[in-house]
>>> print(open('data_10.txt').read())   # compact mmCIF, C-alpha atoms
# COMPACT_ATOMS: atom_id res chain seq x y z
CA MET X 1 -31.23 -13.82 29.80
CA TYR X 2 -30.85 -12.85 26.16
CA SER X 3 -30.03 -16.29 24.71
CA TYR X 4 -30.44 -19.65 26.43
CA LEU X 5 -27.70 -20.98 24.11
CA ALA X 6 -25.05 -18.50 25.26
CA ASN X 7 -23.23 -20.79 27.66
CA MET X 8 -20.89 -23.77 27.32
CA ARG X 9 -23.31 -26.35 28.67
CA ALA X 10 -26.16 -25.52 26.29
CA THR X 11 -23.81 -25.17 23.32
CA ARG X 12 -22.18 -28.55 24.01
CA GLU X 13 -25.56 -30.22 24.45
CA VAL X 14 -26.87 -28.93 21.14
CA LEU X 15 -23.71 -29.93 19.26
CA GLU X 16 -23.60 -33.38 20.86
CA ARG X 17 -27.30 -33.98 20.20
CA HIS X 18 -26.62 -33.44 16.50
CA GLY X 19 -23.26 -35.23 16.50
CA LEU X 20 -21.32 -32.10 15.56
CA ALA X 21 -18.03 -30.43 16.38
CA THR X 22 -16.64 -26.98 15.64
CA LYS X 23 -14.96 -26.48 12.28
CA HIS X 24 -11.98 -24.17 12.20
CA ARG X 25 -12.03 -24.01 8.38
CA LEU X 26 -15.41 -22.27 8.64
CA GLY X 27 -14.25 -19.95 11.38
CA GLN X 28 -16.62 -21.52 13.92
CA ASN X 29 -16.11 -20.16 17.42
CA PHE X 30 -19.41 -20.25 19.31
CA LEU X 31 -20.19 -17.33 21.62
CA VAL X 32 -20.90 -18.63 25.14
CA ASN X 33 -21.33 -15.44 27.17
CA ASP X 34 -24.87 -14.07 27.50
CA ASP X 35 -23.55 -10.70 28.71
CA VAL X 36 -21.83 -10.21 25.36
CA ILE X 37 -25.05 -11.16 23.54
CA GLY X 38 -26.85 -8.55 25.61
CA LYS X 39 -24.31 -5.86 24.73
CA ILE X 40 -24.70 -6.67 21.02
CA VAL X 41 -28.50 -6.45 21.23
CA ARG X 42 -28.40 -3.16 23.15
CA LEU X 43 -25.85 -1.66 20.78
CA ALA X 44 -27.99 -2.68 17.79
CA ASP X 45 -31.02 -0.93 19.34
CA LEU X 46 -33.38 -2.52 16.82
CA PRO X 47 -36.92 -1.22 16.23
CA GLU X 48 -39.74 -3.76 16.51
CA ASP X 49 -40.23 -3.84 12.73
CA ALA X 50 -36.54 -4.53 11.97
CA VAL X 51 -35.65 -7.15 9.37
CA VAL X 52 -32.22 -8.40 10.39
CA LEU X 53 -29.62 -9.99 8.15
CA GLU X 54 -27.39 -12.39 10.07
CA VAL X 55 -24.41 -14.15 8.48
CA GLY X 56 -23.00 -17.22 10.18
CA PRO X 57 -25.74 -17.92 12.76
CA GLY X 58 -24.05 -21.15 13.86
CA ILE X 59 -26.40 -22.91 16.26
CA GLY X 60 -28.54 -19.79 16.64
CA THR X 61 -26.98 -18.27 19.77
CA LEU X 62 -27.31 -14.65 18.63
CA SER X 63 -30.35 -15.41 16.44
CA VAL X 64 -32.44 -16.37 19.48
CA ALA X 65 -31.79 -12.97 21.06
CA LEU X 66 -32.47 -11.11 17.81
CA LEU X 67 -35.81 -12.90 17.38
CA ASP X 68 -36.91 -11.44 20.72
CA THR X 69 -36.48 -7.88 19.47
CA ALA X 70 -36.84 -7.89 15.65
CA ALA X 71 -39.75 -8.65 13.35
CA ARG X 72 -37.74 -11.11 11.26
CA VAL X 73 -34.26 -12.60 10.99
CA VAL X 74 -32.85 -13.70 7.63
CA ALA X 75 -29.78 -15.84 8.24
CA VAL X 76 -27.17 -17.13 5.79
CA GLU X 77 -25.22 -20.21 6.89
CA ALA X 78 -22.49 -22.02 4.92
CA ASP X 79 -22.33 -25.22 7.01
CA ARG X 80 -25.02 -27.62 5.81
CA GLU X 81 -24.71 -29.67 9.01
CA LEU X 82 -26.09 -26.75 11.00
CA GLU X 83 -29.36 -26.67 9.06
CA ALA X 84 -30.93 -29.28 11.34
CA VAL X 85 -29.68 -27.47 14.45
CA LEU X 86 -31.22 -24.16 13.35
CA ALA X 87 -34.45 -25.95 12.48
CA GLU X 88 -34.60 -26.89 16.16
CA THR X 89 -33.40 -23.65 17.79
CA CYS X 90 -34.78 -20.89 15.55
CA VAL X 91 -37.13 -21.97 12.76
CA PRO X 92 -40.05 -22.77 15.12
CA SER X 93 -40.34 -19.04 15.88
CA GLY X 94 -41.92 -18.57 12.45
CA ARG X 95 -39.89 -15.39 11.93
CA PHE X 96 -36.56 -17.00 11.02
CA ASP X 97 -35.66 -17.50 7.36
CA LEU X 98 -32.60 -19.63 6.70
CA LYS X 99 -30.62 -19.40 3.48
CA MET X 100 -27.97 -22.08 3.07
CA GLY X 101 -24.85 -21.12 1.12
CA ASP X 102 -21.89 -18.79 0.85
CA ALA X 103 -22.99 -15.32 1.95
CA LEU X 104 -20.72 -13.70 -0.64
CA LYS X 105 -22.84 -15.42 -3.30
CA VAL X 106 -26.25 -15.21 -1.61
CA ILE X 107 -26.05 -11.45 -0.99
CA PRO X 108 -27.89 -9.55 -2.35
CA ASP X 109 -30.01 -11.47 -4.87
CA GLY X 110 -30.70 -14.62 -2.87
CA LEU X 111 -32.09 -13.03 0.29
CA GLY X 112 -35.64 -12.58 -0.96
CA CYS X 113 -36.09 -9.45 1.15
CA GLU X 114 -34.63 -6.04 1.94
CA PRO X 115 -33.06 -6.21 5.42
CA THR X 116 -32.92 -3.04 7.49
CA ALA X 117 -30.09 -4.11 9.82
CA PHE X 118 -27.02 -6.35 9.67
CA VAL X 119 -26.20 -7.99 13.01
CA SER X 120 -23.74 -10.88 13.07
CA ASN X 121 -20.91 -12.69 14.76
CA LEU X 122 -19.10 -12.93 11.44
CA PRO X 123 -16.77 -15.65 10.09
CA TYR X 124 -13.50 -13.76 10.45
CA GLN X 125 -11.94 -14.77 7.13
CA VAL X 126 -14.67 -12.99 5.12
CA ALA X 127 -15.81 -10.35 7.63
CA ALA X 128 -14.23 -7.27 6.05
CA THR X 129 -15.43 -8.18 2.55
CA LEU X 130 -18.97 -8.87 3.80
CA ILE X 131 -19.32 -5.61 5.72
CA LEU X 132 -18.30 -3.44 2.78
CA GLY X 133 -20.39 -5.55 0.39
CA VAL X 134 -23.51 -5.17 2.52
CA PHE X 135 -23.21 -1.38 2.59
CA GLN X 136 -22.52 -1.27 -1.15
CA GLN X 137 -25.17 -3.75 -2.28
CA LEU X 138 -27.97 -3.45 0.28
CA PRO X 139 -29.04 0.20 0.57
CA SER X 140 -31.95 -0.88 2.78
CA VAL X 141 -29.50 -1.70 5.60
CA ARG X 142 -29.33 1.34 7.89
CA ARG X 143 -27.09 -0.12 10.59
CA ALA X 144 -24.53 -2.88 11.08
CA VAL X 145 -23.45 -4.32 14.43
CA VAL X 146 -20.83 -6.95 13.73
CA MET X 147 -18.33 -9.04 15.65
CA VAL X 148 -14.98 -9.10 13.86
CA GLN X 149 -11.33 -9.77 14.59
CA ALA X 150 -9.93 -6.84 16.61
CA GLU X 151 -7.45 -6.15 13.83
CA VAL X 152 -10.32 -5.66 11.35
CA ALA X 153 -12.14 -3.45 13.85
CA ASP X 154 -9.00 -1.30 14.06
CA ARG X 155 -9.09 -0.86 10.27
CA ILE X 156 -12.78 0.00 10.32
CA CYS X 157 -12.32 2.62 13.05
CA ALA X 158 -8.95 4.04 11.92
CA ALA X 159 -8.35 7.77 11.54
CA PRO X 160 -6.31 9.33 8.70
CA GLY X 161 -2.60 9.26 9.45
CA SER X 162 -2.73 6.10 11.58
CA LYS X 163 -1.01 2.83 10.66
CA THR X 164 -4.29 0.96 10.29
CA TYR X 165 -5.93 3.54 8.01
CA GLY X 166 -6.08 2.36 4.42
CA ALA X 167 -8.17 1.93 1.31
CA TYR X 168 -10.67 -0.28 3.11
CA THR X 169 -11.28 2.31 5.84
CA ALA X 170 -11.81 5.11 3.34
CA LYS X 171 -14.14 3.06 1.10
CA LEU X 172 -16.30 1.97 4.03
CA ALA X 173 -16.49 5.59 5.20
CA LEU X 174 -18.19 6.46 1.90
CA TYR X 175 -21.24 4.58 3.16
CA GLY X 176 -21.22 4.63 6.95
CA LYS X 177 -19.90 6.06 10.18
CA VAL X 178 -18.62 4.13 13.21
CA THR X 179 -20.86 4.91 16.18
CA GLY X 180 -19.83 2.28 18.73
CA ARG X 181 -17.31 -0.40 19.64
CA PHE X 182 -16.51 -2.80 22.47
CA GLU X 183 -13.88 -5.52 22.92
CA VAL X 184 -14.53 -9.26 23.34
CA GLY X 185 -11.79 -11.55 24.65
CA PRO X 186 -11.10 -15.14 23.48
CA GLY X 187 -12.53 -16.62 26.68
CA ASN X 188 -16.05 -15.69 25.61
CA PHE X 189 -15.99 -18.34 22.86
CA MET X 190 -15.96 -22.12 22.52
CA PRO X 191 -13.37 -22.98 21.41
CA PRO X 192 -11.40 -19.82 22.27
CA PRO X 193 -9.97 -18.22 19.08
CA HIS X 194 -6.31 -17.28 18.88
CA VAL X 195 -7.15 -13.61 18.30
CA ASN X 196 -8.98 -10.86 20.13
CA SER X 197 -12.38 -9.76 18.85
CA ALA X 198 -14.43 -6.59 18.85
CA VAL X 199 -18.00 -5.59 18.09
CA VAL X 200 -18.40 -2.50 15.93
CA ARG X 201 -21.52 -0.51 15.12
CA ILE X 202 -21.66 1.31 11.79
CA ASP X 203 -24.60 3.56 10.90
CA ARG X 204 -25.29 4.32 7.26
CA ALA X 205 -24.21 7.88 6.51
CA PRO X 206 -23.43 8.22 2.79
CA LEU X 207 -21.23 11.12 1.76
CA GLU X 208 -23.10 13.57 -0.42
CA GLY X 209 -21.83 14.10 -3.94
CA ALA X 210 -19.42 11.16 -4.06
CA PRO X 211 -19.02 10.06 -7.72
CA SER X 212 -19.42 6.37 -8.49
CA GLY X 213 -15.72 6.23 -9.33
CA THR X 214 -14.59 7.27 -5.85
CA PRO X 215 -13.72 3.70 -4.69
CA ALA X 216 -11.46 3.31 -7.74
CA VAL X 217 -9.73 6.60 -6.92
CA ILE X 218 -9.15 5.38 -3.35
CA ASP X 219 -7.75 2.05 -4.55
CA ALA X 220 -5.37 3.81 -6.95
CA ALA X 221 -4.21 6.21 -4.24
CA PHE X 222 -3.32 3.35 -1.89
CA ALA X 223 -2.04 0.96 -4.60
CA GLN X 224 1.58 1.80 -3.80
CA ARG X 225 1.37 3.01 -0.23
CA ARG X 226 5.01 4.07 0.10
CA LYS X 227 4.80 6.36 -2.90
CA THR X 228 3.31 9.83 -3.13
CA ILE X 229 -0.33 9.89 -4.13
CA ARG X 230 0.62 11.30 -7.55
CA ASN X 231 3.04 8.48 -8.31
CA SER X 232 0.74 5.79 -6.92
CA MET X 233 -2.22 6.95 -9.01
CA ALA X 234 -0.06 7.44 -12.11
CA ALA X 235 1.16 3.85 -11.75
CA SER X 236 -2.51 2.79 -11.73
CA GLY X 237 -3.15 4.42 -15.10
CA TYR X 238 -4.12 8.01 -14.35
CA GLY X 239 -2.40 10.59 -16.57
CA LYS X 240 -0.01 12.86 -14.67
CA ASP X 241 -1.28 16.05 -16.32
CA LEU X 242 -4.84 15.09 -15.42
CA LEU X 243 -3.77 14.34 -11.86
CA ASP X 244 -1.85 17.59 -11.43
CA SER X 245 -4.85 19.63 -12.51
CA ALA X 246 -7.20 17.66 -10.23
CA PHE X 247 -4.86 17.93 -7.24
CA GLU X 248 -4.58 21.69 -7.65
CA ARG X 249 -8.34 22.19 -7.96
CA ALA X 250 -9.01 19.87 -5.01
CA GLY X 251 -6.42 21.59 -2.82
CA ILE X 252 -4.43 18.37 -2.32
CA SER X 253 -0.64 18.23 -2.41
CA PRO X 254 0.56 15.74 -5.07
CA THR X 255 3.51 14.83 -2.81
CA CYS X 256 1.38 13.69 0.13
CA ARG X 257 0.66 10.04 0.81
CA ALA X 258 -2.80 8.52 0.63
CA GLU X 259 -2.98 7.63 4.32
CA THR X 260 -2.94 11.33 5.27
CA LEU X 261 -6.15 12.11 3.37
CA SER X 262 -9.67 11.95 4.74
CA VAL X 263 -12.53 10.32 2.86
CA GLU X 264 -13.83 13.83 2.11
CA ASP X 265 -10.49 14.58 0.41
CA PHE X 266 -10.90 11.51 -1.79
CA VAL X 267 -14.44 12.51 -2.73
CA ARG X 268 -13.25 15.99 -3.67
CA LEU X 269 -10.44 14.53 -5.76
CA ALA X 270 -12.84 12.12 -7.49
CA VAL X 271 -15.17 15.02 -8.31
CA MET X 272 -12.29 16.99 -9.89
CA LEU X 273 -11.18 13.98 -11.94
CA ASP X 274 -14.76 13.40 -13.03
CA GLU X 275 -15.11 16.97 -14.29
CA GLN X 276 -12.12 16.74 -16.64
>>> encode(input="data_10.txt", output="structure tokens")
Amino acid sequence: MYSYLANMRATREVLERHGLATKHRLGQNFLVNDDVIGKIVRLADLPEDAVVLEVGPGIGTLSVALLDTAARVVAVEADRELEAVLAETCVPSGRFDLKMGDALKVIPDGLGCEPTAFVSNLPYQVAATLILGVFQQLPSVRRAVVMVQAEVADRICAAPGSKTYGAYTAKLALYGKVTGRFEVGPGNFMPPPHVNSAVVRIDRAPLEGAPSGTPAVIDAAFAQRRKTIRNSMAASGYGKDLLDSAFERAGISPTCRAETLSVEDFVRLAVMLDEQ
């Protein structure tokens, strides 16, 4: 057993003992399958000295399993009513630090540490923003293993030329590489969500030589997706003469569309724009 809380009976008992119910506005769907918890833990493959950042611990279902393998878990929870629950299920370990508040505001300055891993069953409405933010703002994080909506996982894992490949995919690829994925159906949660889920592992693998302005170049390229990359970037304020010179030097056709370019192409284009 990875987590004694990863079943319906234990989850209901904890919630009832504290007089609580799930809150859809906070994206609360509690994981109740210990096999899924085990797959997350094995995919994370944490060293004994790992300091894990967890966002949205809920009642501590995944936290309990992480505390068995990591040196410390730093969790950020938005629902104040769950503070007492976590004080019961996780805090007694002595290696669980709870930060109450909005993770988008707490990260990075309010953590009080430098986590080495990011392992979470994330609130779906902020999942994509949090994942990119962690890789951008917390260079100490070497790996993320995160549960997200399957649609978000598709964007994270998308290849150039596919329908799901976009600015988000390319920007995340500046910092990390997808190294694992598995699907999780609605029946593994209480209550069951109306969407399919997936767990994705991303290992930090920063692209060498990417200028700081590369994310802005990517955003401009995708700003008007139906247009050519030249017209889309020109509409975002880049001079056409500057673009034409950069495209030629980067070996990129100005009539292509952004979704056909790899992240390496965007880095090369950003370098050429930077040099002019």
>>> residues_around(input="data_10.txt", residues="stretch 105-116 of chain X", least_positions_apart="3", cutoff="9 Å", atoms="all atoms listed in the file", output="list in words")
Ala50, Val51, Val52, Leu53, Arg72, Val73, Val74, Ala75, Val76, Lys99, Met100, Gly101, Asp102, Leu130, Gly133, Val134, Gln137, Leu138, Pro139, Ser140, Val141, Arg142 and Arg143 of chain X
>>> write_last_selection(input="data_10.txt", atoms="C-alpha atoms", output="compact mmCIF listing (two decimals), in the coordinates of the input")
# COMPACT_ATOMS: atom_id res chain seq x y z
CA ALA X 50 -36.54 -4.53 11.97
CA VAL X 51 -35.65 -7.15 9.37
CA VAL X 52 -32.22 -8.40 10.39
CA LEU X 53 -29.62 -9.99 8.15
CA ARG X 72 -37.74 -11.11 11.26
CA VAL X 73 -34.26 -12.60 10.99
CA VAL X 74 -32.85 -13.70 7.63
CA ALA X 75 -29.78 -15.84 8.24
CA VAL X 76 -27.17 -17.13 5.79
CA LYS X 99 -30.62 -19.40 3.48
CA MET X 100 -27.97 -22.08 3.07
CA GLY X 101 -24.85 -21.12 1.12
CA ASP X 102 -21.89 -18.79 0.85
CA LEU X 130 -18.97 -8.87 3.80
CA GLY X 133 -20.39 -5.55 0.39
CA VAL X 134 -23.51 -5.17 2.52
CA GLN X 137 -25.17 -3.75 -2.28
CA LEU X 138 -27.97 -3.45 0.28
CA PRO X 139 -29.04 0.20 0.57
CA SER X 140 -31.95 -0.88 2.78
CA VAL X 141 -29.50 -1.70 5.60
CA ARG X 142 -29.33 1.34 7.89
CA ARG X 143 -27.09 -0.12 10.59
>>> atom_distance(input="data_10.txt", atom1="atom CA of X:Ala87", atom2="atom CA of X:Val200")
28.6 Å
>>> closest_residue(input="data_10.txt", among="X:Thr228, X:Ile202, X:Val126, X:Glu259", to="X:Ser162", atoms="all atoms listed in the file")
X:Glu259
>>> residues_around(input="data_10.txt", residues="X:Gly251", least_positions_apart="4", cutoff="9 Å", atoms="all atoms listed in the file", output="PyMOL selection string")
chain X and resi 246-247+265+268-269
>>> atom_distance(input="data_10.txt", atom1="atom CA of X:Arg80", atom2="atom CA of X:Asn29")
16.4 Å
>>> closest_residue(input="data_10.txt", among="X:Arg249, X:Arg257, X:Lys240, X:Lys163", to="X:Gln224", atoms="only C-alpha atoms")
X:Arg257
>>> residues_around(input="data_10.txt", residues="stretch 182-199 of chain X", least_positions_apart="2", cutoff="10 Å", atoms="all atoms listed in the file", output="PDB file with C-alpha atoms, in the coordinates of the input")
ATOM      1  CA  ALA X   6     -25.050 -18.500  25.260  1.00  0.00           C
ATOM      2  CA  ASN X   7     -23.230 -20.790  27.660  1.00  0.00           C
ATOM      3  CA  MET X   8     -20.890 -23.770  27.320  1.00  0.00           C
ATOM      4  CA  THR X  11     -23.810 -25.170  23.320  1.00  0.00           C
ATOM      5  CA  ARG X  12     -22.180 -28.550  24.010  1.00  0.00           C
ATOM      6  CA  THR X  22     -16.640 -26.980  15.640  1.00  0.00           C
ATOM      7  CA  LYS X  23     -14.960 -26.480  12.280  1.00  0.00           C
ATOM      8  CA  HIS X  24     -11.980 -24.170  12.200  1.00  0.00           C
ATOM      9  CA  GLY X  27     -14.250 -19.950  11.380  1.00  0.00           C
ATOM     10  CA  GLN X  28     -16.620 -21.520  13.920  1.00  0.00           C
ATOM     11  CA  ASN X  29     -16.110 -20.160  17.420  1.00  0.00           C
ATOM     12  CA  PHE X  30     -19.410 -20.250  19.310  1.00  0.00           C
ATOM     13  CA  LEU X  31     -20.190 -17.330  21.620  1.00  0.00           C
ATOM     14  CA  VAL X  32     -20.900 -18.630  25.140  1.00  0.00           C
ATOM     15  CA  ASN X  33     -21.330 -15.440  27.170  1.00  0.00           C
ATOM     16  CA  ASP X  34     -24.870 -14.070  27.500  1.00  0.00           C
ATOM     17  CA  ASP X  35     -23.550 -10.700  28.710  1.00  0.00           C
ATOM     18  CA  VAL X  36     -21.830 -10.210  25.360  1.00  0.00           C
ATOM     19  CA  LYS X  39     -24.310  -5.860  24.730  1.00  0.00           C
ATOM     20  CA  ILE X  40     -24.700  -6.670  21.020  1.00  0.00           C
ATOM     21  CA  LEU X  43     -25.850  -1.660  20.780  1.00  0.00           C
ATOM     22  CA  VAL X 119     -26.200  -7.990  13.010  1.00  0.00           C
ATOM     23  CA  SER X 120     -23.740 -10.880  13.070  1.00  0.00           C
ATOM     24  CA  ASN X 121     -20.910 -12.690  14.760  1.00  0.00           C
ATOM     25  CA  LEU X 122     -19.100 -12.930  11.440  1.00  0.00           C
ATOM     26  CA  TYR X 124     -13.500 -13.760  10.450  1.00  0.00           C
ATOM     27  CA  ALA X 144     -24.530  -2.880  11.080  1.00  0.00           C
ATOM     28  CA  VAL X 145     -23.450  -4.320  14.430  1.00  0.00           C
ATOM     29  CA  VAL X 146     -20.830  -6.950  13.730  1.00  0.00           C
ATOM     30  CA  MET X 147     -18.330  -9.040  15.650  1.00  0.00           C
ATOM     31  CA  VAL X 148     -14.980  -9.100  13.860  1.00  0.00           C
ATOM     32  CA  GLN X 149     -11.330  -9.770  14.590  1.00  0.00           C
ATOM     33  CA  ALA X 150      -9.930  -6.840  16.610  1.00  0.00           C
ATOM     34  CA  GLU X 151      -7.450  -6.150  13.830  1.00  0.00           C
ATOM     35  CA  VAL X 152     -10.320  -5.660  11.350  1.00  0.00           C
ATOM     36  CA  ALA X 153     -12.140  -3.450  13.850  1.00  0.00           C
ATOM     37  CA  ASP X 154      -9.000  -1.300  14.060  1.00  0.00           C
ATOM     38  CA  GLY X 180     -19.830   2.280  18.730  1.00  0.00           C
ATOM     39  CA  ARG X 201     -21.520  -0.510  15.120  1.00  0.00           C
TER      40      ARG X 201
END
>>> axis_aligned_box(input="data_10.txt", around="stretch 6-18 of chain X", padding_each_side="5 Å", output="AutoDock Vina command-line options")
--center_x -24.1 --center_y -26.2 --center_z 22.6 --size_x 16.4 --size_y 25.5 --size_z 22.2
>>> atom_distance(input="data_10.txt", atom1="atom CA of X:Glu81", atom2="atom CA of X:Tyr2")
24.8 Å
>>> residues_around(input="data_10.txt", residues="X:Ser63", least_positions_apart="2", cutoff="9 Å", atoms="only C-alpha atoms", output="list of chain:residue names")
X:Ser3, X:Glu54, X:Pro57, X:Gly58, X:Ile59, X:Gly60, X:Thr61, X:Ala65, X:Leu66, X:Leu67, X:Asp68, X:Val73, X:Ala75, X:Thr89, X:Cys90, X:Phe96, X:Ser120
>>> closest_residue(input="data_10.txt", among="X:Leu86, X:Ile156, X:Ala170, X:Thr179", to="X:Ala44", atoms="all atoms listed in the file")
X:Thr179
>>> closest_residue(input="data_10.txt", among="X:Leu82, X:Leu243, X:Met272, X:Ala117", to="X:Arg204", atoms="all atoms listed in the file")
X:Ala117
>>> closest_residue(input="data_10.txt", among="X:Arg95, X:Tyr238, X:Lys227, X:Val85", to="X:Glu16", atoms="only C-alpha atoms")
X:Val85
>>> residues_around(input="data_10.txt", residues="X:Phe266", least_positions_apart="3", cutoff="8 Å", atoms="only C-alpha atoms", output="list in words")
Thr214, Val217, Ile218, Leu261, Ser262, Val263, Leu269 and Ala270 of chain X
>>> build_atoms(input="data_10.txt", residues="stretch 229-254 of chain X", atoms="N, CA and C atoms", output="short mmCIF file (atom, residue, chain, number, x, y, z; two decimals), keeping the file's coordinate frame")
data_model
loop_
_atom_site.label_atom_id
_atom_site.label_comp_id
_atom_site.auth_asym_id
_atom_site.auth_seq_id
_atom_site.Cartn_x
_atom_site.Cartn_y
_atom_site.Cartn_z
N ILE X 229 0.96 10.21 -3.51
CA ILE X 229 -0.33 9.89 -4.13
C ILE X 229 -0.27 10.09 -5.65
N ARG X 230 0.50 11.06 -6.10
CA ARG X 230 0.62 11.30 -7.55
C ARG X 230 1.26 10.11 -8.24
N ASN X 231 2.34 9.61 -7.68
CA ASN X 231 3.04 8.48 -8.31
C ASN X 231 2.23 7.19 -8.21
N SER X 232 1.55 7.00 -7.09
CA SER X 232 0.74 5.79 -6.92
C SER X 232 -0.40 5.77 -7.92
N MET X 233 -1.08 6.90 -8.09
CA MET X 233 -2.22 6.95 -9.01
C MET X 233 -1.76 6.90 -10.46
N ALA X 234 -0.61 7.50 -10.74
CA ALA X 234 -0.06 7.44 -12.11
C ALA X 234 0.28 6.01 -12.48
N ALA X 235 0.80 5.25 -11.50
CA ALA X 235 1.16 3.85 -11.75
C ALA X 235 -0.09 2.99 -11.98
N SER X 236 -1.25 3.51 -11.54
CA SER X 236 -2.51 2.79 -11.73
C SER X 236 -3.23 3.20 -13.00
N GLY X 237 -2.58 4.09 -13.79
CA GLY X 237 -3.15 4.42 -15.10
C GLY X 237 -3.67 5.83 -15.27
N TYR X 238 -3.67 6.63 -14.21
CA TYR X 238 -4.12 8.01 -14.35
C TYR X 238 -3.02 8.86 -14.97
N GLY X 239 -3.37 9.70 -15.93
CA GLY X 239 -2.40 10.59 -16.57
C GLY X 239 -1.89 11.64 -15.60
N LYS X 240 -0.59 11.92 -15.64
CA LYS X 240 -0.01 12.86 -14.67
C LYS X 240 -0.53 14.27 -14.86
N ASP X 241 -0.74 14.71 -16.09
CA ASP X 241 -1.28 16.05 -16.32
C ASP X 241 -2.69 16.17 -15.75
N LEU X 242 -3.48 15.12 -15.96
CA LEU X 242 -4.84 15.09 -15.42
C LEU X 242 -4.81 15.14 -13.90
N LEU X 243 -3.90 14.37 -13.31
CA LEU X 243 -3.77 14.34 -11.86
C LEU X 243 -3.36 15.70 -11.30
N ASP X 244 -2.35 16.31 -11.93
CA ASP X 244 -1.85 17.59 -11.43
C ASP X 244 -2.94 18.64 -11.40
N SER X 245 -3.75 18.68 -12.46
CA SER X 245 -4.85 19.63 -12.51
C SER X 245 -5.88 19.33 -11.42
N ALA X 246 -6.21 18.04 -11.24
CA ALA X 246 -7.20 17.66 -10.23
C ALA X 246 -6.70 17.94 -8.82
N PHE X 247 -5.42 17.65 -8.56
CA PHE X 247 -4.86 17.93 -7.24
C PHE X 247 -4.94 19.42 -6.92
N GLU X 248 -4.58 20.24 -7.88
CA GLU X 248 -4.58 21.69 -7.65
C GLU X 248 -5.99 22.19 -7.35
N ARG X 249 -6.96 21.73 -8.13
CA ARG X 249 -8.34 22.19 -7.96
C ARG X 249 -8.95 21.64 -6.66
N ALA X 250 -8.49 20.47 -6.24
CA ALA X 250 -9.01 19.87 -5.01
C ALA X 250 -8.28 20.37 -3.77
N GLY X 251 -7.18 21.10 -3.97
CA GLY X 251 -6.42 21.59 -2.82
C GLY X 251 -5.65 20.50 -2.11
N ILE X 252 -5.17 19.51 -2.88
CA ILE X 252 -4.43 18.37 -2.32
C ILE X 252 -3.01 18.40 -2.86
N SER X 253 -2.03 18.25 -1.98
CA SER X 253 -0.64 18.23 -2.41
C SER X 253 -0.34 16.92 -3.14
N PRO X 254 0.25 16.97 -4.34
CA PRO X 254 0.56 15.74 -5.07
C PRO X 254 1.69 14.93 -4.42
#
